[in-house]
Structure formats: C-alpha cells, structure tokens
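> The structure that follows is given in the form of structure tokens.
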Amino acid sequence: MGFRHNNILHANHFRKDWQSRVRTWFDQPGRKLRRRTARQAKASVLGVRPLTLLRPAVRAQTVRYNRKVREGRGFTFAELKEAGVGRKEARGVGIVVDHRRRNLSEEGKLINVERLKAYKERLIVFPRNAKKPKHGDSTGDDLKAETTRAAPALPEAIPHEAPRKITDEEREFKAYRTLRDARATQRHAGAKKLRETKKAEEEAAKKK
C-alpha cells in the first residue's frame, strides 16, 4: 500500500483474531439424524394419521388464472358448520381452518362442504382408550376398515365454454344498475324494516 501527497497515514486493524469469531456447523449431520429419529418416534406414538392436512378447493386469482383449481389455506367457519364439523375439533382430525377467508359464491361453498363430508365419511378416529371411547371416536367395525392416508382429490377445472351468440336478454341486462340497486336495497333494509314496524304499531294503536 503506497502513500503519496500530504494524506493521513492509514492505521488499519488487521489483528482481529477471526478464528474465535467464526461460526461453524460441524454438528449438522448429527442434528439431522436426531431430528429424523424424533420425527419417527413422534409418528409411532401418534399412530396412523393423514399424510397431509385437508385444505379447501379454491380458484386462483385474476381473470387469467381463475379457471385453475388449487388448494386454499383453510376452510371457512360457514363451510365447517354446514358439514357438521366443530371449529376446535377440525384441527385435531387434520382439517385446516382459516378465519379470514370468506365465501363469495354458493358453488364454491358447496364444493368445499362436499369435500368435508367425503373426508368425514372416510375418517377413522382411533380412541386413546379402547375400553372408554369418547364422543366422536370410531368404534366397532369402523376401526377394522381399510385406511388410506391420502386426502380427497381436488375437483377438475371448468372446461372451456363453446362460443355462442349473445341473447337479446343479455344485451338488455344492465349489470351496473342491478348491482347498485341491490347494494341500495341492502343498505336501506334496516331503515325500511323500522318504518314498516313503526307503521304497523301506529295502525294497531288507532284500532284500539
């Protein structure tokens, strides 16, 4: 390193004893083996369980990809209620719940309800104590039935619609006006009901 002109002399610090500050992972193979052994021990204690958690069938986002069906994050409370599955028991039997998701169509909701019902029909819950089974545990011949650890398959995507002519009814339909009217009806539903109730009470008072 050269010096020239009237500049300050460098005071570089090269004696930092880096060997004591470097981090090593020489225990990585051992940790890998211990984690694998722990997973196998846990699986043997838990018994027969599904390979994967059950997730809902949802549409991919945007107009470009919404024909594609994929697995969602979790089932909604409405889907669980219609299928007869409790919120707390769902995770215990391998069903994922997502409290943020909302059902935007009856068709999508029905698909996931059927998915849950199909899963429940195949579900076998082994009791912890065979002599004292709890509510919801499988009993009798159900425990001897054949088991499969794979989740129900996703429904097939919607096929392409064949081209057709637009009908006169579709041409005359005003989508924006219909949506605005429906929104206004919903917004004023409470006030309308209140007015009707008040009017009915006034008429009842007059009759007396």
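Note on naming: chains are A, B, ... as they come in the structure tokens, residues start from 1 per chain, ligands start from 1 in the order shown.
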Please give the complete set of residues from stretch 55-147 of chain A that DSSP, run on the backbone, assigns to strand (DSSP E or B), formatted as a short mmCIF file (atom, residue, chain, number, x, y, z; two decimals) with C-alpha atoms, in the first residue's frame.


```
data_model
loop_
_atom_site.label_atom_id
_atom_site.label_comp_id
_atom_site.auth_asym_id
_atom_site.auth_seq_id
_atom_site.Cartn_x
_atom_site.Cartn_y
_atom_site.Cartn_z
CA ALA A 57 -60.53 -26.20 -3.19
CA VAL A 58 -60.29 -22.56 -4.32
CA ARG A 59 -59.89 -20.65 -7.57
CA VAL A 69 -58.40 -25.02 -9.08
CA ARG A 70 -55.83 -25.20 -6.29
CA GLU A 71 -55.66 -25.88 -2.56
CA PHE A 75 -61.88 -23.87 5.37
CA ILE A 95 -58.67 -30.12 8.77
CA VAL A 97 -59.35 -23.62 9.35
#
```

> Please extract the residues of stretch 51-185 of chain A with a backbone DSSP assignment of helix (DSSP H, G or I) and present them as a ChimeraX atom specification.

/A:62-65,77-83,87-92,106-122,140-144,168-172,175-185

> So, counting only C-alpha atoms, which residue among A:Glu106, A:Asn112, A:Gly92, A:Arg187 is closest to A:Gly74?

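Under the stated criterion, the closest residue is A:Asn112.
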
> Provide the atom CA of A:Leu123 to atom CA of A:Ile111 distance in Å, to one decimal place.

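Taking atom CA of A:Leu123 and atom CA of A:Ile111, their separation equals 18.4 Å.
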
> Using only C-alpha atoms, which protein or nucleic acid residues come within 12 Å of stretch 49-53 of chain A? Drop anything in the same chain fewer than 4 positions from it, and give the result as a PyMOL selection string.

chain A and resi 42-45+71-75+90-97+116+119+122-126+147-153
